[in-house]
>>> print(open('entry.pdb').read())   # PDB, C-alpha atoms
ATOM      1  CA  MET A   7     -56.933 -22.327 -65.157  1.00  0.00           C
ATOM      2  CA  VAL A   8     -58.832 -19.040 -65.558  1.00  0.00           C
ATOM      3  CA  GLY A   9     -60.913 -20.565 -68.373  1.00  0.00           C
ATOM      4  CA  VAL A  10     -61.903 -23.486 -66.138  1.00  0.00           C
ATOM      5  CA  LEU A  11     -63.082 -21.109 -63.398  1.00  0.00           C
ATOM      6  CA  ILE A  12     -65.056 -19.005 -65.868  1.00  0.00           C
ATOM      7  CA  ARG A  13     -66.759 -22.111 -67.312  1.00  0.00           C
ATOM      8  CA  ARG A  14     -67.630 -23.436 -63.839  1.00  0.00           C
ATOM      9  CA  ASN A  15     -69.287 -20.146 -62.898  1.00  0.00           C
ATOM     10  CA  TRP A  16     -71.076 -19.957 -66.254  1.00  0.00           C
ATOM     11  CA  TYR A  17     -72.441 -23.502 -65.805  1.00  0.00           C
ATOM     12  CA  LYS A  18     -73.650 -22.689 -62.266  1.00  0.00           C
ATOM     13  CA  MET A  19     -75.652 -19.779 -63.680  1.00  0.00           C
ATOM     14  CA  ARG A  20     -77.170 -21.814 -66.550  1.00  0.00           C
ATOM     15  CA  PHE A  21     -78.024 -25.188 -65.008  1.00  0.00           C
ATOM     16  CA  GLU A  22     -80.387 -25.843 -62.090  1.00  0.00           C
ATOM     17  CA  LYS A  23     -77.519 -27.640 -60.342  1.00  0.00           C
ATOM     18  CA  VAL A  24     -74.034 -28.528 -61.474  1.00  0.00           C
ATOM     19  CA  GLU A  25     -70.974 -29.734 -59.604  1.00  0.00           C
ATOM     20  CA  LYS A  26     -68.090 -31.003 -61.754  1.00  0.00           C
ATOM     21  CA  ILE A  27     -68.950 -31.260 -65.424  1.00  0.00           C
ATOM     22  CA  ASN A  28     -66.890 -31.707 -68.554  1.00  0.00           C
ATOM     23  CA  ILE A  29     -68.730 -30.785 -71.771  1.00  0.00           C
ATOM     24  CA  GLY A  30     -67.374 -31.671 -75.206  1.00  0.00           C
ATOM     25  CA  ASP A  31     -67.546 -29.537 -78.342  1.00  0.00           C
ATOM     26  CA  ASN A  32     -70.776 -28.806 -80.238  1.00  0.00           C
ATOM     27  CA  CYS A  33     -73.156 -29.708 -77.406  1.00  0.00           C
ATOM     28  CA  LYS A  34     -76.583 -28.107 -77.145  1.00  0.00           C
ATOM     29  CA  PHE A  35     -78.662 -27.662 -73.990  1.00  0.00           C
ATOM     30  CA  ILE A  36     -82.272 -26.488 -74.331  1.00  0.00           C
ATOM     31  CA  CYS A  37     -83.764 -25.133 -71.079  1.00  0.00           C
ATOM     32  CA  PRO A  38     -80.683 -25.899 -68.947  1.00  0.00           C
ATOM     33  CA  SER A  39     -82.390 -24.380 -65.889  1.00  0.00           C
ATOM     34  CA  LYS A  40     -84.337 -27.690 -65.669  1.00  0.00           C
ATOM     35  CA  MET A  41     -81.204 -29.870 -65.696  1.00  0.00           C
ATOM     36  CA  VAL A  42     -79.419 -31.230 -62.621  1.00  0.00           C
ATOM     37  CA  PHE A  43     -75.901 -32.666 -62.781  1.00  0.00           C
ATOM     38  CA  ASN A  44     -74.965 -34.251 -59.440  1.00  0.00           C
ATOM     39  CA  GLY A  45     -71.264 -34.841 -58.915  1.00  0.00           C
ATOM     40  CA  ARG A  46     -68.822 -35.505 -61.741  1.00  0.00           C
ATOM     41  CA  VAL A  47     -70.383 -35.818 -65.213  1.00  0.00           C
ATOM     42  CA  SER A  48     -68.650 -36.149 -68.575  1.00  0.00           C
ATOM     43  CA  ILE A  49     -70.552 -35.277 -71.763  1.00  0.00           C
ATOM     44  CA  GLY A  50     -69.088 -36.191 -75.148  1.00  0.00           C
ATOM     45  CA  GLU A  51     -69.190 -33.961 -78.191  1.00  0.00           C
ATOM     46  CA  ASN A  52     -72.265 -33.426 -80.362  1.00  0.00           C
ATOM     47  CA  THR A  53     -74.755 -34.219 -77.602  1.00  0.00           C
ATOM     48  CA  TYR A  54     -78.240 -32.696 -77.355  1.00  0.00           C
ATOM     49  CA  PHE A  55     -80.170 -32.329 -74.082  1.00  0.00           C
ATOM     50  CA  ASN A  56     -83.661 -30.782 -74.177  1.00  0.00           C
ATOM     51  CA  ALA A  57     -85.688 -30.193 -70.989  1.00  0.00           C
ATOM     52  CA  ASP A  58     -88.092 -27.565 -72.338  1.00  0.00           C
ATOM     53  CA  GLY A  59     -91.306 -28.951 -70.846  1.00  0.00           C
ATOM     54  CA  GLY A  60     -89.703 -31.683 -68.755  1.00  0.00           C
ATOM     55  CA  ARG A  61     -86.692 -32.252 -66.542  1.00  0.00           C
ATOM     56  CA  ILE A  62     -83.330 -34.068 -66.675  1.00  0.00           C
ATOM     57  CA  ILE A  63     -81.472 -35.319 -63.576  1.00  0.00           C
ATOM     58  CA  ILE A  64     -78.030 -36.955 -63.865  1.00  0.00           C
ATOM     59  CA  GLY A  65     -76.196 -38.765 -61.058  1.00  0.00           C
ATOM     60  CA  ASP A  66     -72.537 -38.717 -60.017  1.00  0.00           C
ATOM     61  CA  GLU A  67     -69.849 -40.290 -62.227  1.00  0.00           C
ATOM     62  CA  VAL A  68     -72.011 -40.577 -65.343  1.00  0.00           C
ATOM     63  CA  ALA A  69     -70.237 -40.615 -68.710  1.00  0.00           C
ATOM     64  CA  PHE A  70     -72.039 -39.776 -71.950  1.00  0.00           C
ATOM     65  CA  ASN A  71     -70.275 -40.742 -75.162  1.00  0.00           C
ATOM     66  CA  ILE A  72     -70.617 -38.729 -78.392  1.00  0.00           C
ATOM     67  CA  GLY A  73     -73.924 -37.946 -80.096  1.00  0.00           C
ATOM     68  CA  VAL A  74     -76.248 -38.718 -77.176  1.00  0.00           C
ATOM     69  CA  ILE A  75     -79.771 -37.230 -77.232  1.00  0.00           C
ATOM     70  CA  LEU A  76     -81.837 -36.770 -74.055  1.00  0.00           C
ATOM     71  CA  ASN A  77     -85.232 -35.272 -74.902  1.00  0.00           C
ATOM     72  CA  SER A  78     -87.900 -34.468 -72.315  1.00  0.00           C
ATOM     73  CA  ALA A  79     -89.135 -31.472 -74.306  1.00  0.00           C
ATOM     74  CA  CYS A  80     -92.815 -32.454 -74.241  1.00  0.00           C
ATOM     75  CA  GLY A  81     -92.934 -33.290 -70.544  1.00  0.00           C
ATOM     76  CA  GLY A  82     -91.667 -36.094 -68.380  1.00  0.00           C
ATOM     77  CA  LEU A  83     -88.470 -36.736 -66.496  1.00  0.00           C
ATOM     78  CA  ILE A  84     -85.235 -38.418 -67.519  1.00  0.00           C
ATOM     79  CA  ASP A  85     -83.497 -39.575 -64.327  1.00  0.00           C
ATOM     80  CA  ILE A  86     -80.132 -41.315 -64.715  1.00  0.00           C
ATOM     81  CA  GLY A  87     -78.509 -42.710 -61.569  1.00  0.00           C
ATOM     82  CA  ALA A  88     -74.855 -42.690 -60.528  1.00  0.00           C
ATOM     83  CA  ASN A  89     -71.989 -44.532 -62.240  1.00  0.00           C
ATOM     84  CA  CYS A  90     -73.753 -45.082 -65.564  1.00  0.00           C
ATOM     85  CA  LEU A  91     -72.112 -45.420 -68.967  1.00  0.00           C
ATOM     86  CA  ILE A  92     -74.135 -44.057 -71.883  1.00  0.00           C
ATOM     87  CA  GLY A  93     -72.783 -45.199 -75.252  1.00  0.00           C
ATOM     88  CA  PRO A  94     -72.469 -43.212 -78.473  1.00  0.00           C
ATOM     89  CA  GLY A  95     -75.696 -42.349 -80.264  1.00  0.00           C
ATOM     90  CA  VAL A  96     -78.007 -43.275 -77.373  1.00  0.00           C
ATOM     91  CA  LEU A  97     -81.461 -41.665 -77.618  1.00  0.00           C
ATOM     92  CA  MET A  98     -83.903 -41.203 -74.730  1.00  0.00           C
ATOM     93  CA  ARG A  99     -87.275 -39.537 -75.401  1.00  0.00           C
ATOM     94  CA  THR A 100     -89.997 -39.224 -72.781  1.00  0.00           C
ATOM     95  CA  ALA A 101     -92.960 -38.457 -75.058  1.00  0.00           C
ATOM     96  CA  ASP A 102     -94.869 -40.231 -77.806  1.00  0.00           C
ATOM     97  CA  HIS A 103     -97.175 -38.548 -80.303  1.00  0.00           C
ATOM     98  CA  ILE A 104    -100.884 -39.009 -79.733  1.00  0.00           C
ATOM     99  CA  PHE A 105    -102.590 -40.351 -82.875  1.00  0.00           C
ATOM    100  CA  SER A 106    -105.902 -41.763 -81.596  1.00  0.00           C
ATOM    101  CA  ASP A 107    -108.220 -39.478 -83.607  1.00  0.00           C
ATOM    102  CA  PRO A 108    -107.901 -40.177 -87.353  1.00  0.00           C
ATOM    103  CA  ASN A 109    -109.885 -36.992 -88.096  1.00  0.00           C
ATOM    104  CA  ILE A 110    -107.157 -34.765 -86.621  1.00  0.00           C
ATOM    105  CA  LEU A 111    -103.643 -34.440 -87.998  1.00  0.00           C
ATOM    106  CA  ILE A 112    -101.176 -36.376 -85.842  1.00  0.00           C
ATOM    107  CA  ARG A 113     -99.007 -33.307 -85.368  1.00  0.00           C
ATOM    108  CA  LYS A 114    -101.980 -31.458 -83.839  1.00  0.00           C
ATOM    109  CA  GLN A 115    -102.930 -34.163 -81.297  1.00  0.00           C
ATOM    110  CA  GLY A 116    -100.116 -33.427 -78.864  1.00  0.00           C
ATOM    111  CA  HIS A 117     -97.898 -35.727 -76.869  1.00  0.00           C
ATOM    112  CA  ALA A 118     -98.199 -38.264 -74.059  1.00  0.00           C
ATOM    113  CA  PRO A 119     -95.129 -37.897 -71.789  1.00  0.00           C
ATOM    114  CA  LYS A 120     -93.856 -40.672 -69.511  1.00  0.00           C
ATOM    115  CA  ASN A 121     -90.776 -40.742 -67.303  1.00  0.00           C
ATOM    116  CA  ILE A 122     -87.548 -42.611 -68.005  1.00  0.00           C
ATOM    117  CA  VAL A 123     -85.500 -43.943 -65.083  1.00  0.00           C
ATOM    118  CA  VAL A 124     -82.062 -45.505 -65.425  1.00  0.00           C
ATOM    119  CA  GLU A 125     -80.888 -46.703 -62.026  1.00  0.00           C
ATOM    120  CA  ASP A 126     -77.257 -46.747 -60.775  1.00  0.00           C
ATOM    121  CA  ASP A 127     -74.439 -48.681 -62.450  1.00  0.00           C
ATOM    122  CA  CYS A 128     -76.045 -49.278 -65.856  1.00  0.00           C
ATOM    123  CA  TRP A 129     -74.362 -49.494 -69.243  1.00  0.00           C
ATOM    124  CA  LEU A 130     -76.309 -48.587 -72.371  1.00  0.00           C
ATOM    125  CA  GLY A 131     -74.416 -49.648 -75.499  1.00  0.00           C
ATOM    126  CA  ALA A 132     -74.093 -47.716 -78.738  1.00  0.00           C
ATOM    127  CA  ASN A 133     -77.289 -46.520 -80.437  1.00  0.00           C
ATOM    128  CA  VAL A 134     -79.671 -47.782 -77.744  1.00  0.00           C
ATOM    129  CA  ILE A 135     -83.130 -46.164 -77.805  1.00  0.00           C
ATOM    130  CA  VAL A 136     -85.068 -45.808 -74.545  1.00  0.00           C
ATOM    131  CA  LEU A 137     -88.744 -44.858 -74.805  1.00  0.00           C
ATOM    132  CA  GLY A 138     -90.883 -43.084 -72.212  1.00  0.00           C
ATOM    133  CA  GLY A 139     -92.418 -45.088 -69.389  1.00  0.00           C
ATOM    134  CA  VAL A 140     -89.360 -47.314 -68.980  1.00  0.00           C
ATOM    135  CA  LYS A 141     -87.288 -48.130 -65.890  1.00  0.00           C
ATOM    136  CA  ILE A 142     -83.918 -49.822 -66.325  1.00  0.00           C
ATOM    137  CA  GLY A 143     -82.957 -51.495 -63.055  1.00  0.00           C
ATOM    138  CA  LYS A 144     -79.682 -51.122 -61.177  1.00  0.00           C
ATOM    139  CA  GLY A 145     -76.645 -52.847 -62.677  1.00  0.00           C
ATOM    140  CA  SER A 146     -78.274 -53.636 -66.014  1.00  0.00           C
ATOM    141  CA  VAL A 147     -76.595 -53.766 -69.422  1.00  0.00           C
ATOM    142  CA  ILE A 148     -78.465 -52.899 -72.628  1.00  0.00           C
ATOM    143  CA  GLY A 149     -76.837 -54.235 -75.799  1.00  0.00           C
ATOM    144  CA  ALA A 150     -75.921 -51.980 -78.702  1.00  0.00           C
ATOM    145  CA  GLY A 151     -78.774 -51.154 -81.077  1.00  0.00           C
ATOM    146  CA  SER A 152     -81.498 -52.295 -78.690  1.00  0.00           C
ATOM    147  CA  ILE A 153     -84.822 -50.497 -78.288  1.00  0.00           C
ATOM    148  CA  VAL A 154     -86.090 -50.503 -74.700  1.00  0.00           C
ATOM    149  CA  THR A 155     -89.906 -50.376 -74.639  1.00  0.00           C
ATOM    150  CA  THR A 156     -90.619 -52.055 -71.268  1.00  0.00           C
ATOM    151  CA  ASP A 157     -89.012 -52.139 -67.821  1.00  0.00           C
ATOM    152  CA  ILE A 158     -85.750 -54.052 -67.431  1.00  0.00           C
ATOM    153  CA  PRO A 159     -85.172 -55.710 -64.015  1.00  0.00           C
ATOM    154  CA  SER A 160     -82.032 -54.997 -61.986  1.00  0.00           C
ATOM    155  CA  MET A 161     -78.848 -56.899 -62.892  1.00  0.00           C
ATOM    156  CA  SER A 162     -80.183 -57.881 -66.320  1.00  0.00           C
ATOM    157  CA  VAL A 163     -78.552 -58.083 -69.725  1.00  0.00           C
ATOM    158  CA  ALA A 164     -81.091 -57.129 -72.394  1.00  0.00           C
ATOM    159  CA  VAL A 165     -80.719 -56.998 -76.184  1.00  0.00           C
ATOM    160  CA  GLY A 166     -82.821 -56.727 -79.304  1.00  0.00           C
ATOM    161  CA  VAL A 167     -85.755 -54.920 -80.844  1.00  0.00           C
ATOM    162  CA  PRO A 168     -87.646 -54.737 -78.600  1.00  0.00           C
ATOM    163  CA  ALA A 169     -85.080 -55.365 -75.857  1.00  0.00           C
ATOM    164  CA  LYS A 170     -85.525 -58.689 -74.051  1.00  0.00           C
ATOM    165  CA  VAL A 171     -83.618 -59.977 -71.033  1.00  0.00           C
ATOM    166  CA  ILE A 172     -81.239 -62.761 -72.130  1.00  0.00           C
ATOM    167  CA  LYS A 173     -79.455 -63.319 -68.815  1.00  0.00           C
ATOM    168  CA  THR A 174     -78.808 -61.866 -65.381  1.00  0.00           C
ATOM    169  CA  ARG A 175     -75.579 -60.691 -63.831  1.00  0.00           C
ATOM    170  CA  ASN A 176     -76.280 -62.338 -60.441  1.00  0.00           C
ATOM    171  CA  THR A 177     -74.504 -65.629 -61.160  1.00  0.00           C
TER     172      THR A 177
END
>>> encode(input="entry.pdb", output="structure tokens")
Amino acid sequence: MVGVLIRRNWYKMRFEKVEKINIGDNCKFICPSKMVFNGRVSIGENTYFNADGGRIIIGDEVAFNIGVILNSACGGLIDIGANCLIGPGVLMRTADHIFSDPNILIRKQGHAPKNIVVEDDCWLGANVIVLGGVKIGKGSVIGAGSIVTTDIPSMSVAVGVPAKVIKTRNT
């Protein structure tokens, strides 16, 4: 019981906002002062969250499985709504490398950040990749191994590389 109270106070000092959070072993948080955890959040082991340059906001009752990576390090926002399930190995990255000038090394051209929004009640299956500039609508399901490169409408089931809507959940 004392350990729980110490952790809660430690988290409140580190994160921008935290309510009830359960963090698994071997998790890493870069720039936690730019991370908001609203309500109850569960984070599986071996996860990596980086907000150095950007921001991460997580809604109530969100569960992250093992090995999830949220990276807004080069700018942009990752905003995940309430009641979402994030499968093992999911990767979200807000920024792409700029490579438009062939006379300059790619690594020296910087990044182009874009926000990622996952609305309430979504399920992202194992090893889903979500790129910057994408909005996944409320109640959507993204199939395992999919790469989301464009917006997904609410109540959709999307799969593939790139992810395409194959049906809706409104029936």
>>> atom_distance(input="entry.pdb", atom1="CA of Ala88 in chain A", atom2="CA of Ile72 in chain A")
18.8 Å
>>> resolve_selection(input="entry.pdb", expression="the PyMOL selection byres ((chain A and resi 161) around 6)", output="PDB file with C-alpha atoms, in the coordinates of the input")
ATOM      1  CA  GLY A 145     -76.645 -52.847 -62.677  1.00  0.00           C
ATOM      2  CA  SER A 146     -78.274 -53.636 -66.014  1.00  0.00           C
ATOM      3  CA  SER A 160     -82.032 -54.997 -61.986  1.00  0.00           C
ATOM      4  CA  SER A 162     -80.183 -57.881 -66.320  1.00  0.00           C
ATOM      5  CA  THR A 174     -78.808 -61.866 -65.381  1.00  0.00           C
ATOM      6  CA  ARG A 175     -75.579 -60.691 -63.831  1.00  0.00           C
TER       7      ARG A 175
END
>>> residues_around(input="entry.pdb", residues="range 132-137 of chain A", least_positions_apart="6", cutoff="12 Å", atoms="only C-alpha atoms", output="mmCIF file with C-alpha atoms, in the frame of the given file")
data_model
loop_
_atom_site.group_PDB
_atom_site.id
_atom_site.type_symbol
_atom_site.label_atom_id
_atom_site.label_comp_id
_atom_site.auth_asym_id
_atom_site.auth_seq_id
_atom_site.Cartn_x
_atom_site.Cartn_y
_atom_site.Cartn_z
ATOM 1 C CA PHE A 70 -72.039 -39.776 -71.950
ATOM 2 C CA ASN A 71 -70.275 -40.742 -75.162
ATOM 3 C CA ILE A 72 -70.617 -38.729 -78.392
ATOM 4 C CA GLY A 73 -73.924 -37.946 -80.096
ATOM 5 C CA VAL A 74 -76.248 -38.718 -77.176
ATOM 6 C CA ILE A 75 -79.771 -37.230 -77.232
ATOM 7 C CA LEU A 76 -81.837 -36.770 -74.055
ATOM 8 C CA ASN A 77 -85.232 -35.272 -74.902
ATOM 9 C CA SER A 78 -87.900 -34.468 -72.315
ATOM 10 C CA GLY A 82 -91.667 -36.094 -68.380
ATOM 11 C CA LEU A 83 -88.470 -36.736 -66.496
ATOM 12 C CA ILE A 84 -85.235 -38.418 -67.519
ATOM 13 C CA ILE A 86 -80.132 -41.315 -64.715
ATOM 14 C CA LEU A 91 -72.112 -45.420 -68.967
ATOM 15 C CA ILE A 92 -74.135 -44.057 -71.883
ATOM 16 C CA GLY A 93 -72.783 -45.199 -75.252
ATOM 17 C CA PRO A 94 -72.469 -43.212 -78.473
ATOM 18 C CA GLY A 95 -75.696 -42.349 -80.264
ATOM 19 C CA VAL A 96 -78.007 -43.275 -77.373
ATOM 20 C CA LEU A 97 -81.461 -41.665 -77.618
ATOM 21 C CA MET A 98 -83.903 -41.203 -74.730
ATOM 22 C CA ARG A 99 -87.275 -39.537 -75.401
ATOM 23 C CA THR A 100 -89.997 -39.224 -72.781
ATOM 24 C CA ALA A 101 -92.960 -38.457 -75.058
ATOM 25 C CA ASP A 102 -94.869 -40.231 -77.806
ATOM 26 C CA HIS A 103 -97.175 -38.548 -80.303
ATOM 27 C CA ALA A 118 -98.199 -38.264 -74.059
ATOM 28 C CA PRO A 119 -95.129 -37.897 -71.789
ATOM 29 C CA LYS A 120 -93.856 -40.672 -69.511
ATOM 30 C CA ASN A 121 -90.776 -40.742 -67.303
ATOM 31 C CA ILE A 122 -87.548 -42.611 -68.005
ATOM 32 C CA VAL A 123 -85.500 -43.943 -65.083
ATOM 33 C CA VAL A 124 -82.062 -45.505 -65.425
ATOM 34 C CA VAL A 147 -76.595 -53.766 -69.422
ATOM 35 C CA ILE A 148 -78.465 -52.899 -72.628
ATOM 36 C CA GLY A 149 -76.837 -54.235 -75.799
ATOM 37 C CA ALA A 150 -75.921 -51.980 -78.702
ATOM 38 C CA GLY A 151 -78.774 -51.154 -81.077
ATOM 39 C CA SER A 152 -81.498 -52.295 -78.690
ATOM 40 C CA ILE A 153 -84.822 -50.497 -78.288
ATOM 41 C CA VAL A 154 -86.090 -50.503 -74.700
ATOM 42 C CA THR A 155 -89.906 -50.376 -74.639
ATOM 43 C CA THR A 156 -90.619 -52.055 -71.268
ATOM 44 C CA ASP A 157 -89.012 -52.139 -67.821
ATOM 45 C CA ILE A 158 -85.750 -54.052 -67.431
ATOM 46 C CA ALA A 164 -81.091 -57.129 -72.394
ATOM 47 C CA VAL A 165 -80.719 -56.998 -76.184
ATOM 48 C CA GLY A 166 -82.821 -56.727 -79.304
ATOM 49 C CA VAL A 167 -85.755 -54.920 -80.844
ATOM 50 C CA PRO A 168 -87.646 -54.737 -78.600
ATOM 51 C CA ALA A 169 -85.080 -55.365 -75.857
#
>>> atom_distance(input="entry.pdb", atom1="CA of Pro108 in chain A", atom2="CA of Ala79 in chain A")
24.5 Å
>>> atom_distance(input="entry.pdb", atom1="CA of Leu11 in chain A", atom2="CA of Ala57 in chain A")
25.5 Å
>>> closest_residue(input="entry.pdb", among="A:Phe21, A:Asp85, A:His117, A:Asn28", to="Gly59 in chain A", atoms="all atoms listed in the file")
A:His117
>>> residues_around(input="entry.pdb", residues="Asn32 in chain A", least_positions_apart="4", cutoff="8 Å", atoms="all atoms listed in the file", output="ChimeraX atom specification")
/A:51-53
>>> closest_residue(input="entry.pdb", among="A:Gly87, A:Cys128, A:Cys80, A:Glu22", to="Gly116 in chain A", atoms="only C-alpha atoms")
A:Cys80
>>> closest_residue(input="entry.pdb", among="A:Ile142, A:Ile104, A:Val24, A:Val8", to="Val171 in chain A", atoms="all atoms listed in the file")
A:Ile142
>>> closest_residue(input="entry.pdb", among="A:Ile172, A:Ser48, A:Gln115, A:Asn89", to="Lys144 in chain A", atoms="only C-alpha atoms")
A:Asn89
>>> residues_around(input="entry.pdb", residues="Pro38 in chain A", least_positions_apart="4", cutoff="10 Å", atoms="only C-alpha atoms", output="ChimeraX atom specification")
/A:17,19-23,34,42,55-58,61-62
>>> decode(input="entry.pdb", residues="range 117-126 of chain A", atoms="all heavy atoms", output="mmCIF file, in the first residue's frame")
data_model
loop_
_atom_site.group_PDB
_atom_site.id
_atom_site.type_symbol
_atom_site.label_atom_id
_atom_site.label_comp_id
_atom_site.auth_asym_id
_atom_site.auth_seq_id
_atom_site.Cartn_x
_atom_site.Cartn_y
_atom_site.Cartn_z
ATOM 1 N N HIS A 117 12.241 17.261 -40.087
ATOM 2 C CA HIS A 117 11.024 16.459 -40.031
ATOM 3 C C HIS A 117 9.799 17.308 -40.344
ATOM 4 O O HIS A 117 9.817 18.522 -40.154
ATOM 5 C CB HIS A 117 10.839 15.857 -38.632
ATOM 6 C CG HIS A 117 11.893 14.878 -38.278
ATOM 7 N ND1 HIS A 117 13.107 15.240 -37.728
ATOM 8 C CD2 HIS A 117 11.924 13.535 -38.393
ATOM 9 C CE1 HIS A 117 13.835 14.163 -37.525
ATOM 10 N NE2 HIS A 117 13.148 13.119 -37.920
ATOM 11 N N ALA A 118 8.739 16.657 -40.770
ATOM 12 C CA ALA A 118 7.450 17.294 -41.007
ATOM 13 C C ALA A 118 6.422 16.636 -40.081
ATOM 14 O O ALA A 118 5.897 15.560 -40.403
ATOM 15 C CB ALA A 118 7.032 17.145 -42.462
ATOM 16 N N PRO A 119 6.136 17.237 -38.916
ATOM 17 C CA PRO A 119 5.199 16.619 -37.976
ATOM 18 C C PRO A 119 3.740 16.865 -38.349
ATOM 19 O O PRO A 119 3.390 17.911 -38.898
ATOM 20 C CB PRO A 119 5.531 17.294 -36.647
ATOM 21 C CG PRO A 119 6.074 18.628 -37.025
ATOM 22 C CD PRO A 119 6.759 18.438 -38.359
ATOM 23 N N LYS A 120 2.909 15.855 -38.068
ATOM 24 C CA LYS A 120 1.460 15.940 -38.244
ATOM 25 C C LYS A 120 0.810 15.186 -37.092
ATOM 26 O O LYS A 120 1.334 14.176 -36.635
ATOM 27 C CB LYS A 120 1.040 15.312 -39.573
ATOM 28 C CG LYS A 120 1.583 16.018 -40.793
ATOM 29 C CD LYS A 120 1.175 15.284 -42.051
ATOM 30 C CE LYS A 120 1.808 15.914 -43.274
ATOM 31 N NZ LYS A 120 1.584 15.103 -44.473
ATOM 32 N N ASN A 121 -0.331 15.651 -36.655
ATOM 33 C CA ASN A 121 -1.019 15.046 -35.520
ATOM 34 C C ASN A 121 -1.608 13.687 -35.854
ATOM 35 O O ASN A 121 -1.921 13.393 -37.002
ATOM 36 C CB ASN A 121 -2.139 15.961 -35.031
ATOM 37 C CG ASN A 121 -1.618 17.281 -34.504
ATOM 38 O OD1 ASN A 121 -0.444 17.401 -34.150
ATOM 39 N ND2 ASN A 121 -2.467 18.272 -34.455
ATOM 40 N N ILE A 122 -1.787 12.887 -34.800
ATOM 41 C CA ILE A 122 -2.502 11.614 -34.868
ATOM 42 C C ILE A 122 -3.646 11.691 -33.869
ATOM 43 O O ILE A 122 -3.424 12.025 -32.699
ATOM 44 C CB ILE A 122 -1.585 10.423 -34.511
ATOM 45 C CG1 ILE A 122 -0.488 10.253 -35.560
ATOM 46 C CG2 ILE A 122 -2.401 9.133 -34.345
ATOM 47 C CD1 ILE A 122 0.578 9.228 -35.175
ATOM 48 N N VAL A 123 -4.855 11.382 -34.322
ATOM 49 C CA VAL A 123 -6.023 11.352 -33.439
ATOM 50 C C VAL A 123 -6.683 9.991 -33.548
ATOM 51 O O VAL A 123 -7.008 9.538 -34.652
ATOM 52 C CB VAL A 123 -7.034 12.470 -33.799
ATOM 53 C CG1 VAL A 123 -8.284 12.355 -32.933
ATOM 54 C CG2 VAL A 123 -6.399 13.841 -33.661
ATOM 55 N N VAL A 124 -6.879 9.350 -32.410
ATOM 56 C CA VAL A 124 -7.636 8.107 -32.323
ATOM 57 C C VAL A 124 -8.829 8.425 -31.424
ATOM 58 O O VAL A 124 -8.647 8.697 -30.239
ATOM 59 C CB VAL A 124 -6.790 6.951 -31.740
ATOM 60 C CG1 VAL A 124 -7.625 5.674 -31.633
ATOM 61 C CG2 VAL A 124 -5.537 6.715 -32.573
ATOM 62 N N GLU A 125 -10.020 8.430 -32.002
ATOM 63 C CA GLU A 125 -11.199 8.794 -31.227
ATOM 64 C C GLU A 125 -11.610 7.666 -30.282
ATOM 65 O O GLU A 125 -11.018 6.583 -30.290
ATOM 66 C CB GLU A 125 -12.341 9.195 -32.161
ATOM 67 C CG GLU A 125 -12.026 10.481 -32.915
ATOM 68 C CD GLU A 125 -13.174 10.985 -33.769
ATOM 69 O OE1 GLU A 125 -14.058 10.183 -34.158
ATOM 70 O OE2 GLU A 125 -13.179 12.203 -34.056
ATOM 71 N N ASP A 126 -12.634 7.904 -29.458
ATOM 72 C CA ASP A 126 -13.098 6.962 -28.436
ATOM 73 C C ASP A 126 -13.466 5.590 -29.010
ATOM 74 O O ASP A 126 -13.901 5.479 -30.156
ATOM 75 C CB ASP A 126 -14.348 7.520 -27.737
ATOM 76 C CG ASP A 126 -14.091 8.799 -26.959
ATOM 77 O OD1 ASP A 126 -12.914 9.141 -26.724
ATOM 78 O OD2 ASP A 126 -15.085 9.465 -26.595
#
